[in-house]
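Quick look at input.cif (mmCIF, C-alpha atoms):
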```
data_entry
loop_
_atom_site.group_PDB
_atom_site.id
_atom_site.type_symbol
_atom_site.label_atom_id
_atom_site.label_comp_id
_atom_site.auth_asym_id
_atom_site.auth_seq_id
_atom_site.Cartn_x
_atom_site.Cartn_y
_atom_site.Cartn_z
ATOM 1 C CA MET X 1 14.945 16.660 -14.777
ATOM 2 C CA GLN X 2 16.704 13.862 -12.939
ATOM 3 C CA ALA X 3 14.975 10.502 -12.763
ATOM 4 C CA VAL X 4 15.709 6.934 -11.757
ATOM 5 C CA GLU X 5 15.196 4.543 -14.646
ATOM 6 C CA ILE X 6 15.324 0.780 -15.084
ATOM 7 C CA SER X 7 18.248 0.356 -17.482
ATOM 8 C CA SER X 8 17.448 -3.346 -17.970
ATOM 9 C CA PHE X 9 15.514 -5.961 -16.048
ATOM 10 C CA GLY X 10 17.438 -7.466 -13.172
ATOM 11 C CA ALA X 11 18.931 -6.890 -9.737
ATOM 12 C CA PRO X 12 18.709 -3.558 -7.896
ATOM 13 C CA GLU X 13 21.876 -2.348 -9.613
ATOM 14 C CA VAL X 14 19.961 -1.875 -12.894
ATOM 15 C CA LEU X 15 18.413 1.254 -11.381
ATOM 16 C CA ARG X 16 20.357 4.334 -12.440
ATOM 17 C CA LEU X 17 20.067 8.080 -12.131
ATOM 18 C CA THR X 18 19.573 9.734 -15.499
ATOM 19 C CA GLU X 19 18.335 12.891 -17.214
ATOM 20 C CA ARG X 20 14.875 12.858 -18.774
ATOM 21 C CA PRO X 21 12.685 15.551 -20.347
ATOM 22 C CA ALA X 22 10.259 16.942 -17.798
ATOM 23 C CA PRO X 23 6.677 15.698 -18.319
ATOM 24 C CA VAL X 24 3.876 18.106 -19.181
ATOM 25 C CA ALA X 25 0.525 18.071 -17.399
ATOM 26 C CA GLY X 26 -2.470 17.484 -19.654
ATOM 27 C CA ALA X 27 -6.191 17.849 -19.157
ATOM 28 C CA GLY X 28 -7.210 16.939 -15.622
ATOM 29 C CA GLU X 29 -3.604 16.701 -14.480
ATOM 30 C CA VAL X 30 -1.041 18.570 -12.384
ATOM 31 C CA LEU X 31 2.745 18.694 -12.557
ATOM 32 C CA ILE X 32 4.333 18.070 -9.168
ATOM 33 C CA ARG X 33 7.835 19.126 -8.158
ATOM 34 C CA VAL X 34 8.703 15.935 -6.289
ATOM 35 C CA ARG X 35 10.431 16.108 -2.944
ATOM 36 C CA ALA X 36 10.011 12.466 -1.924
ATOM 37 C CA SER X 37 8.974 9.230 -3.652
ATOM 38 C CA GLY X 38 7.644 6.125 -1.934
ATOM 39 C CA VAL X 39 9.225 2.743 -2.671
ATOM 40 C CA ASN X 40 6.813 -0.177 -3.018
ATOM 41 C CA ARG X 41 6.911 -3.873 -3.802
ATOM 42 C CA PRO X 42 5.421 -3.325 -7.289
ATOM 43 C CA ASP X 43 8.477 -1.177 -8.099
ATOM 44 C CA VAL X 44 10.688 -4.168 -7.335
ATOM 45 C CA LEU X 45 8.522 -6.392 -9.521
ATOM 46 C CA GLN X 46 8.647 -3.860 -12.364
ATOM 47 C CA ARG X 47 12.431 -3.678 -12.087
ATOM 48 C CA SER X 48 12.642 -7.460 -12.393
ATOM 49 C CA GLY X 49 10.383 -7.497 -15.457
ATOM 50 C CA ALA X 50 7.415 -9.116 -13.723
ATOM 51 C CA TYR X 51 5.070 -6.106 -13.529
ATOM 52 C CA PRO X 52 5.035 -3.914 -16.643
ATOM 53 C CA PRO X 53 3.435 -0.462 -16.405
ATOM 54 C CA PRO X 54 -0.038 -0.049 -17.924
ATOM 55 C CA PRO X 55 -0.116 1.101 -21.572
ATOM 56 C CA GLY X 56 0.492 4.817 -21.931
ATOM 57 C CA THR X 57 2.158 5.107 -18.525
ATOM 58 C CA SER X 58 5.703 6.309 -17.902
ATOM 59 C CA ASP X 59 8.311 3.567 -17.966
ATOM 60 C CA LEU X 60 9.872 5.058 -14.831
ATOM 61 C CA PRO X 61 9.031 3.206 -11.614
ATOM 62 C CA GLY X 62 7.315 4.893 -8.696
ATOM 63 C CA LEU X 63 3.666 4.845 -7.652
ATOM 64 C CA GLU X 64 3.505 7.637 -5.064
ATOM 65 C CA VAL X 65 5.036 11.064 -4.612
ATOM 66 C CA ALA X 66 4.880 14.124 -2.401
ATOM 67 C CA GLY X 67 5.821 17.645 -3.368
ATOM 68 C CA VAL X 68 4.468 20.952 -4.626
ATOM 69 C CA ILE X 69 2.104 21.651 -7.541
ATOM 70 C CA GLU X 70 4.040 23.581 -10.206
ATOM 71 C CA SER X 71 1.387 23.788 -12.922
ATOM 72 C CA GLY X 72 -1.641 22.018 -14.284
ATOM 73 C CA ASP X 73 -5.218 22.143 -15.493
ATOM 74 C CA ALA X 74 -6.522 25.264 -13.754
ATOM 75 C CA ASP X 75 -10.191 24.284 -13.938
ATOM 76 C CA ALA X 76 -9.567 20.775 -12.623
ATOM 77 C CA MET X 77 -7.425 22.147 -9.817
ATOM 78 C CA ALA X 78 -10.056 24.703 -8.860
ATOM 79 C CA GLN X 79 -12.783 22.068 -8.745
ATOM 80 C CA ALA X 80 -10.621 19.924 -6.456
ATOM 81 C CA GLY X 81 -9.636 22.850 -4.243
ATOM 82 C CA PHE X 82 -5.978 22.949 -5.294
ATOM 83 C CA LYS X 83 -3.759 25.717 -6.667
ATOM 84 C CA VAL X 84 -0.182 26.145 -7.824
ATOM 85 C CA GLY X 85 2.135 26.048 -4.812
ATOM 86 C CA ASP X 86 0.032 23.645 -2.761
ATOM 87 C CA ARG X 87 1.782 20.752 -1.010
ATOM 88 C CA VAL X 88 0.254 17.472 -2.141
ATOM 89 C CA CYS X 89 0.851 13.763 -2.217
ATOM 90 C CA ALA X 90 -0.399 11.689 -5.117
ATOM 91 C CA LEU X 91 -0.959 8.168 -6.338
ATOM 92 C CA VAL X 92 0.389 7.626 -9.857
ATOM 93 C CA ALA X 93 0.534 4.661 -12.217
ATOM 94 C CA GLY X 94 4.239 5.259 -12.882
ATOM 95 C CA GLY X 95 6.857 7.973 -13.133
ATOM 96 C CA GLY X 96 7.226 8.628 -9.419
ATOM 97 C CA TYR X 97 11.015 8.155 -9.318
ATOM 98 C CA ALA X 98 11.671 11.598 -10.781
ATOM 99 C CA GLU X 99 12.115 15.239 -9.807
ATOM 100 C CA GLN X 100 8.898 16.074 -11.634
ATOM 101 C CA CYS X 101 5.839 13.890 -12.018
ATOM 102 C CA VAL X 102 2.428 14.266 -13.614
ATOM 103 C CA ALA X 103 -0.581 13.101 -11.621
ATOM 104 C CA PRO X 104 -4.337 13.172 -12.205
ATOM 105 C CA VAL X 105 -5.864 15.889 -10.038
ATOM 106 C CA GLY X 106 -8.335 13.383 -8.608
ATOM 107 C CA GLN X 107 -5.507 11.226 -7.303
ATOM 108 C CA CYS X 108 -3.919 14.084 -5.362
ATOM 109 C CA LEU X 109 -4.488 14.748 -1.692
ATOM 110 C CA PRO X 110 -3.283 17.629 0.464
ATOM 111 C CA VAL X 111 -0.336 16.847 2.688
ATOM 112 C CA PRO X 112 -1.919 16.327 6.124
ATOM 113 C CA ALA X 113 -1.116 19.080 8.600
ATOM 114 C CA GLY X 114 1.985 18.299 10.615
ATOM 115 C CA LEU X 115 3.507 15.829 8.139
ATOM 116 C CA ASP X 116 6.723 16.380 6.202
ATOM 117 C CA ASP X 117 7.333 15.371 2.594
ATOM 118 C CA VAL X 118 8.856 11.994 3.443
ATOM 119 C CA GLN X 119 5.880 11.082 5.599
ATOM 120 C CA ALA X 120 3.446 12.299 2.949
ATOM 121 C CA ALA X 121 5.152 10.270 0.210
ATOM 122 C CA ALA X 122 4.588 7.150 2.309
ATOM 123 C CA LEU X 123 0.808 7.555 2.274
ATOM 124 C CA PRO X 124 -0.858 7.165 -1.146
ATOM 125 C CA GLU X 125 -0.053 3.631 -2.316
ATOM 126 C CA THR X 126 -0.709 1.927 0.997
ATOM 127 C CA PHE X 127 -3.668 4.018 2.123
ATOM 128 C CA PHE X 128 -5.436 3.781 -1.255
ATOM 129 C CA THR X 129 -4.793 0.020 -1.303
ATOM 130 C CA VAL X 130 -5.950 -0.658 2.241
ATOM 131 C CA TRP X 131 -9.060 1.482 1.961
ATOM 132 C CA SER X 132 -10.067 -0.076 -1.360
ATOM 133 C CA ASN X 133 -9.501 -3.649 -0.235
ATOM 134 C CA VAL X 134 -10.191 -3.816 3.492
ATOM 135 C CA PHE X 135 -13.122 -1.422 3.589
ATOM 136 C CA ASP X 136 -14.601 -1.263 0.072
ATOM 137 C CA ARG X 137 -14.088 -4.904 -0.968
ATOM 138 C CA GLY X 138 -13.719 -6.533 2.449
ATOM 139 C CA HIS X 139 -16.518 -4.477 4.057
ATOM 140 C CA LEU X 140 -14.782 -4.507 7.432
ATOM 141 C CA GLN X 141 -17.214 -3.417 10.134
ATOM 142 C CA PRO X 142 -16.717 -2.186 13.713
ATOM 143 C CA GLY X 143 -16.545 -5.123 16.088
ATOM 144 C CA GLU X 144 -15.267 -7.551 13.453
ATOM 145 C CA THR X 145 -11.866 -9.227 13.411
ATOM 146 C CA LEU X 146 -9.273 -8.435 10.732
ATOM 147 C CA LEU X 147 -6.293 -10.696 10.036
ATOM 148 C CA VAL X 148 -3.419 -8.866 8.324
ATOM 149 C CA GLN X 149 -0.809 -11.075 6.681
ATOM 150 C CA GLY X 150 2.566 -9.345 6.717
ATOM 151 C CA GLY X 151 1.841 -6.808 9.420
ATOM 152 C CA THR X 152 5.137 -4.911 9.178
ATOM 153 C CA SER X 153 5.032 -4.258 5.435
ATOM 154 C CA GLY X 154 3.968 -0.827 4.222
ATOM 155 C CA ILE X 155 0.502 -2.220 3.579
ATOM 156 C CA GLY X 156 0.498 -4.074 6.877
ATOM 157 C CA VAL X 157 1.303 -1.143 9.147
ATOM 158 C CA THR X 158 -1.436 0.857 7.440
ATOM 159 C CA ALA X 159 -4.006 -1.940 7.675
ATOM 160 C CA ILE X 160 -3.316 -2.455 11.376
ATOM 161 C CA GLN X 161 -3.816 1.206 12.176
ATOM 162 C CA LEU X 162 -6.897 1.728 10.026
ATOM 163 C CA GLY X 163 -8.488 -1.483 11.240
ATOM 164 C CA LYS X 164 -8.097 -0.334 14.843
ATOM 165 C CA ALA X 165 -9.185 3.232 14.055
ATOM 166 C CA PHE X 166 -12.461 1.939 12.633
ATOM 167 C CA GLY X 167 -13.280 -0.353 15.518
ATOM 168 C CA ALA X 168 -11.982 -3.787 14.509
ATOM 169 C CA THR X 169 -9.990 -6.323 16.471
ATOM 170 C CA VAL X 170 -6.735 -6.765 14.561
ATOM 171 C CA ILE X 171 -4.552 -9.858 14.364
ATOM 172 C CA ALA X 172 -1.288 -9.471 12.434
ATOM 173 C CA THR X 173 1.277 -11.989 11.256
ATOM 174 C CA ALA X 174 5.000 -11.266 10.960
ATOM 175 C CA GLY X 175 8.219 -13.216 10.485
ATOM 176 C CA SER X 176 10.026 -12.540 13.761
ATOM 177 C CA ASP X 177 9.331 -11.807 17.393
ATOM 178 C CA ASP X 178 10.705 -8.278 16.953
ATOM 179 C CA LYS X 179 8.325 -7.669 14.073
ATOM 180 C CA CYS X 180 5.437 -9.054 16.098
ATOM 181 C CA ALA X 181 6.325 -6.599 18.857
ATOM 182 C CA ALA X 182 6.256 -3.791 16.280
ATOM 183 C CA CYS X 183 2.764 -4.856 15.203
ATOM 184 C CA LEU X 184 1.565 -4.688 18.794
ATOM 185 C CA GLU X 185 3.123 -1.235 19.221
ATOM 186 C CA LEU X 186 1.163 -0.075 16.177
ATOM 187 C CA GLY X 187 -2.071 -1.191 17.816
ATOM 188 C CA ALA X 188 -2.597 -4.795 16.762
ATOM 189 C CA ASP X 189 -4.464 -6.741 19.420
ATOM 190 C CA HIS X 190 -2.503 -9.906 18.688
ATOM 191 C CA ALA X 191 0.580 -10.780 16.633
ATOM 192 C CA ILE X 192 1.510 -14.219 15.311
ATOM 193 C CA ASN X 193 5.060 -15.220 14.345
ATOM 194 C CA TYR X 194 4.304 -17.257 11.243
ATOM 195 C CA ARG X 195 7.730 -18.909 11.375
ATOM 196 C CA THR X 196 7.094 -20.488 14.770
ATOM 197 C CA GLN X 197 3.289 -20.569 14.996
ATOM 198 C CA ASP X 198 0.419 -21.778 12.823
ATOM 199 C CA PHE X 199 -1.620 -18.646 12.111
ATOM 200 C CA LEU X 200 -4.750 -20.743 11.481
ATOM 201 C CA ALA X 201 -4.601 -22.471 14.870
ATOM 202 C CA VAL X 202 -3.744 -19.288 16.758
ATOM 203 C CA ALA X 203 -6.411 -17.180 15.031
ATOM 204 C CA LYS X 204 -9.034 -19.836 15.676
ATOM 205 C CA ASP X 205 -8.054 -19.961 19.312
ATOM 206 C CA LEU X 206 -8.116 -16.166 19.647
ATOM 207 C CA THR X 207 -11.631 -16.039 18.204
ATOM 208 C CA GLY X 208 -13.032 -18.866 20.302
ATOM 209 C CA GLY X 209 -13.133 -21.148 17.298
ATOM 210 C CA GLN X 210 -15.310 -18.795 15.255
ATOM 211 C CA GLY X 211 -12.638 -17.545 12.874
ATOM 212 C CA VAL X 212 -11.912 -14.054 11.576
ATOM 213 C CA ASN X 213 -14.204 -11.880 9.493
ATOM 214 C CA VAL X 214 -11.748 -10.352 7.011
ATOM 215 C CA ILE X 215 -8.286 -11.417 5.865
ATOM 216 C CA LEU X 216 -5.946 -9.127 3.931
ATOM 217 C CA ASP X 217 -3.576 -11.452 2.086
ATOM 218 C CA MET X 218 -0.388 -10.557 0.208
ATOM 219 C CA VAL X 219 0.825 -14.158 -0.068
ATOM 220 C CA ALA X 220 -1.821 -16.320 -1.808
ATOM 221 C CA GLY X 221 -0.385 -19.704 -2.879
ATOM 222 C CA ASP X 222 -0.761 -22.344 -0.202
ATOM 223 C CA TYR X 223 -1.934 -19.735 2.316
ATOM 224 C CA VAL X 224 -5.349 -19.626 0.674
ATOM 225 C CA ALA X 225 -6.444 -23.077 1.850
ATOM 226 C CA ARG X 226 -5.643 -22.233 5.481
ATOM 227 C CA GLU X 227 -7.228 -18.806 5.142
ATOM 228 C CA VAL X 228 -10.486 -20.314 3.930
ATOM 229 C CA GLU X 229 -10.472 -22.502 7.037
ATOM 230 C CA CYS X 230 -9.667 -19.455 9.157
ATOM 231 C CA LEU X 231 -12.703 -17.429 8.074
ATOM 232 C CA ALA X 232 -15.856 -17.115 10.150
ATOM 233 C CA GLU X 233 -19.284 -17.443 8.593
ATOM 234 C CA ASP X 234 -19.801 -14.763 5.921
ATOM 235 C CA GLY X 235 -16.056 -14.074 6.066
ATOM 236 C CA ARG X 236 -14.153 -12.257 3.319
ATOM 237 C CA LEU X 237 -10.686 -13.077 1.996
ATOM 238 C CA VAL X 238 -9.108 -10.243 -0.001
ATOM 239 C CA ILE X 239 -5.975 -11.096 -2.005
ATOM 240 C CA ILE X 240 -3.813 -8.164 -3.101
ATOM 241 C CA ALA X 241 -0.541 -9.893 -4.056
ATOM 242 C CA VAL X 242 0.699 -13.368 -4.895
ATOM 243 C CA GLN X 243 4.153 -13.538 -3.333
ATOM 244 C CA GLY X 244 3.525 -17.192 -2.499
ATOM 245 C CA GLY X 245 2.362 -18.147 -5.992
ATOM 246 C CA VAL X 246 -0.712 -17.819 -8.189
ATOM 247 C CA LYS X 247 -2.077 -21.334 -7.732
ATOM 248 C CA ALA X 248 -4.122 -22.323 -4.701
ATOM 249 C CA GLY X 249 -6.261 -25.281 -3.711
ATOM 250 C CA PHE X 250 -8.896 -24.926 -1.009
ATOM 251 C CA ASN X 251 -11.986 -26.598 0.422
ATOM 252 C CA ALA X 252 -14.811 -25.254 -1.742
ATOM 253 C CA GLY X 253 -17.310 -26.911 0.570
ATOM 254 C CA LEU X 254 -16.367 -24.471 3.312
ATOM 255 C CA VAL X 255 -16.990 -21.596 0.932
ATOM 256 C CA LEU X 256 -20.515 -22.887 0.375
ATOM 257 C CA ARG X 257 -21.371 -23.775 3.949
ATOM 258 C CA ARG X 258 -19.954 -20.618 5.515
ATOM 259 C CA ARG X 259 -21.017 -18.293 2.673
ATOM 260 C CA LEU X 260 -17.465 -17.046 2.191
ATOM 261 C CA VAL X 261 -16.249 -14.449 -0.278
ATOM 262 C CA ILE X 262 -12.848 -14.769 -1.945
ATOM 263 C CA THR X 263 -11.943 -11.637 -3.837
ATOM 264 C CA GLY X 264 -8.941 -9.553 -4.818
ATOM 265 C CA SER X 265 -7.782 -6.592 -6.813
ATOM 266 C CA THR X 266 -4.884 -4.703 -8.334
ATOM 267 C CA LEU X 267 -5.004 -0.930 -8.076
ATOM 268 C CA ARG X 268 -2.493 0.256 -10.656
ATOM 269 C CA PRO X 269 -4.511 -0.368 -13.870
ATOM 270 C CA ARG X 270 -7.815 0.926 -12.506
ATOM 271 C CA PRO X 271 -9.232 4.098 -14.115
ATOM 272 C CA VAL X 272 -8.755 7.572 -12.697
ATOM 273 C CA ALA X 273 -12.424 7.822 -11.704
ATOM 274 C CA PHE X 274 -12.076 4.726 -9.507
ATOM 275 C CA LYS X 275 -8.969 6.061 -7.777
ATOM 276 C CA THR X 276 -10.546 9.500 -7.418
ATOM 277 C CA ALA X 277 -13.421 7.970 -5.456
ATOM 278 C CA ILE X 278 -10.923 6.336 -3.092
ATOM 279 C CA ALA X 279 -9.092 9.655 -2.677
ATOM 280 C CA GLN X 280 -12.340 11.376 -1.759
ATOM 281 C CA ALA X 281 -13.127 8.725 0.848
ATOM 282 C CA LEU X 282 -9.645 9.004 2.316
ATOM 283 C CA ARG X 283 -9.832 12.781 2.491
ATOM 284 C CA ALA X 284 -13.163 12.636 4.305
ATOM 285 C CA ARG X 285 -12.580 9.719 6.656
ATOM 286 C CA VAL X 286 -8.856 9.076 7.064
ATOM 287 C CA TRP X 287 -7.051 12.406 6.589
ATOM 288 C CA PRO X 288 -8.623 13.805 9.801
ATOM 289 C CA LEU X 289 -7.170 10.819 11.678
ATOM 290 C CA LEU X 290 -3.714 11.569 10.253
ATOM 291 C CA GLU X 291 -3.973 15.226 11.219
ATOM 292 C CA ARG X 292 -4.980 14.288 14.762
ATOM 293 C CA GLY X 293 -2.110 11.809 15.040
ATOM 294 C CA LEU X 294 -4.438 8.846 15.537
ATOM 295 C CA VAL X 295 -2.990 7.175 12.438
ATOM 296 C CA LYS X 296 0.571 7.784 11.277
ATOM 297 C CA PRO X 297 2.921 6.888 8.447
ATOM 298 C CA VAL X 298 5.650 4.503 9.565
ATOM 299 C CA ILE X 299 9.012 5.269 7.964
ATOM 300 C CA HIS X 300 11.736 2.650 8.170
ATOM 301 C CA SER X 301 14.417 4.497 6.214
ATOM 302 C CA THR X 302 15.094 7.074 3.528
ATOM 303 C CA PHE X 303 17.587 7.081 0.670
ATOM 304 C CA ALA X 304 18.724 9.819 -1.664
ATOM 305 C CA ALA X 305 17.212 9.083 -5.074
ATOM 306 C CA ALA X 306 20.679 8.389 -6.485
ATOM 307 C CA HIS X 307 20.803 5.392 -4.126
ATOM 308 C CA ALA X 308 17.506 3.854 -5.221
ATOM 309 C CA ALA X 309 19.303 0.545 -5.778
ATOM 310 C CA ASP X 310 20.133 0.408 -2.067
ATOM 311 C CA ALA X 311 16.479 1.074 -1.249
ATOM 312 C CA HIS X 312 15.388 -1.842 -3.442
ATOM 313 C CA ALA X 313 18.047 -4.106 -1.953
ATOM 314 C CA LEU X 314 16.726 -3.317 1.514
ATOM 315 C CA MET X 315 13.153 -4.049 0.460
ATOM 316 C CA GLU X 316 14.201 -7.422 -0.905
ATOM 317 C CA THR X 317 15.661 -8.415 2.473
ATOM 318 C CA ASN X 318 12.188 -8.064 4.020
ATOM 319 C CA GLN X 319 13.845 -6.637 7.124
ATOM 320 C CA HIS X 320 12.102 -3.282 7.002
ATOM 321 C CA ILE X 321 9.184 -2.266 9.200
ATOM 322 C CA GLY X 322 6.977 0.236 7.399
ATOM 323 C CA LYS X 323 7.931 2.332 4.410
ATOM 324 C CA ILE X 324 11.109 3.075 2.455
ATOM 325 C CA VAL X 325 11.244 6.499 0.813
ATOM 326 C CA LEU X 326 13.497 8.213 -1.745
ATOM 327 C CA THR X 327 14.332 11.894 -1.335
ATOM 328 C CA TRP X 328 15.169 14.546 -3.927
ATOM 329 C CA ALA X 329 17.464 17.461 -3.126
#
```
What does the file become when written as structure tokens?
Amino acid sequence: MQAVEISSFGAPEVLRLTERPAPVAGAGEVLIRVRASGVNRPDVLQRSGAYPPPPGTSDLPGLEVAGVIESGDADAMAQAGFKVGDRVCALVAGGGYAEQCVAPVGQCLPVPAGLDDVQAAALPETFFTVWSNVFDRGHLQPGETLLVQGGTSGIGVTAIQLGKAFGATVIATAGSDDKCAACLELGADHAINYRTQDFLAVAKDLTGGQGVNVILDMVAGDYVAREVECLAEDGRLVIIAVQGGVKAGFNAGLVLRRRLVITGSTLRPRPVAFKTAIAQALRARVWPLLERGLVKPVIHSTFAAAHAADAHALMETNQHIGKIVLTWA
């Protein structure tokens, strides 16, 4: 099969198209003929040497795919309601930049009716991440206010839409007026240009001084101190990336007085059973919204897999709104 490998750690140009032996599905797994592969920030980090794959995982980058089941564990497929020939999308811990990819059956979901392969490949990583962190860890409730840092990222556009779909008021931050407008078009109630406005002051003003209930943070670093101040009583800060650095100082007294929760998670190393539970929740509660068009994947651009380096270069500019996807002929 053809695959995109990381020839050495470095700039996007280290990605190269190569030939690899096709993987073989084991117990509880399926082999997917990949038609599209999502591109995500962890892929960029892996390429640079900052985010190694978990032990036992393929060294190929790629955390989400869409395609057709070619083979697999018949019993596991039957229990999950799948069969050979079904169109699926899947979350994987690695190996997604390839024409064929093995995925645990529990991490597969049917392609929602009406979506093509590119759209389906844009779903797993962001939808699993947002559901796990905003709803499972952040316990976002109808009527609460959600602040999404980085509203036009793949995670951000998903968080905005799911927050609104489940009854929250959504405030999003973005780095330009055009990106703020995109957040509003996706359903955000308010958008803050973090380059020209102080998100803490604006969010406080928008909430009548009370603060927000849940923050989804991909920055960390010096954002954390302001986010702690931004939270309402019993508020929850969920950190899912540390693009601004791993060290943060904050007012611990506010945490005590307002009964705040600061939490975070990484999805990639979690066990299959954990990810399977998320998949089941998504299938029951979110997939119907996708099929009704109430929530949608947002695709910024697609690249042929041979041009994966160009896809990574685009991601590193931070100019994209939504997802970048690789396609396989």
Using all atoms listed in the file, which protein or nucleic acid residues come within 10 Å of Pro269 of chain X? Drop anything in the same chain fewer than 6 positions from it, and give the result as a VMD selection string. chain X and resid 53 to 55 57 93 275
Using the chain letters and numbering of this document, enumerate as a list in words the residues selected by the PyMOL selection byres ((chain X and resi 161) around 9).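 Output from the PyMOL selection byres ((chain X and resi 161) around 9), applied to this file: Gly156, Val157, Thr158, Ala159, Ile160, Leu162, Gly163, Lys164, Ala165, Phe166, Val170, Leu186, Gly187, Ala188, Leu294, Val295 and Lys296 of chain X.
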Once the PyMOL selection byres ((chain X and resi 251) around 10) has been evaluated on this model, what residues remain selected, and can you format them as a PyMOL selection string? chain X and resi 224-226+228-229+249-250+252-256
As a check of understanding: the span from atom CA of Phe128 of chain X to atom CA of Lys83 of chain X is 22.7 Å
Do a neighbour search on Gln119 of chain X at 9 Å with all atoms listed in the file, toss out local chain neighbours closer than 2 positions, and write the hits as number ranges by chain. X: 36, 66, 111, 115-117, 121-123, 296-299, 325
I need the residue nearest Val130 of chain X from this list: X:Ala50, X:Val286, X:Leu260, X:Leu60. Use all atoms listed in the file for the distance.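 Smallest separation from Val130 of chain X among the options: X:Val286.
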Find, counting only C-alpha atoms, the residue in X:Leu326, X:Val261, X:Ile171, X:Val105 that gets nearest to Gln79 of chain X. X:Val105
Can you work out which one of X:Val88, X:Ala172, X:Leu237, X:Leu282 has the shortest atom-to-atom distance to Pro110 of chain X, counting all atoms listed in the file? X:Val88
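With distances restricted to only C-alpha atoms, X:Pro104 is the closest residue to Glu29 of chain X from X:Gly85, X:Pro104, X:Gly138, X:Pro42.
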Please report the interatomic distance between atom CA of Gly150 of chain X and atom CA of Leu184 of chain X in Å with one decimal.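 Those two atoms sit 13.0 Å apart.
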Can you measure atom CA of Leu91 of chain X to atom CA of Leu63 of chain X for me? One decimal in Å is fine. 5.8 Å
Got a sec: who's within 7 Å of segment 10-14 of chain X, counting all atoms listed in the file, leaving out chain neighbours fewer than 4 positions off, as a tab-separated table (two decimals) with C-alpha atoms, in the coordinates of the input?
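Once written, result23.tsv looks like this:
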```
chain	number	residue	atom	x	y	z
X	6	ILE	CA	15.32	0.78	-15.08
X	47	ARG	CA	12.43	-3.68	-12.09
X	48	SER	CA	12.64	-7.46	-12.39
X	309	ALA	CA	19.30	0.55	-5.78
X	312	HIS	CA	15.39	-1.84	-3.44
X	313	ALA	CA	18.05	-4.11	-1.95
```
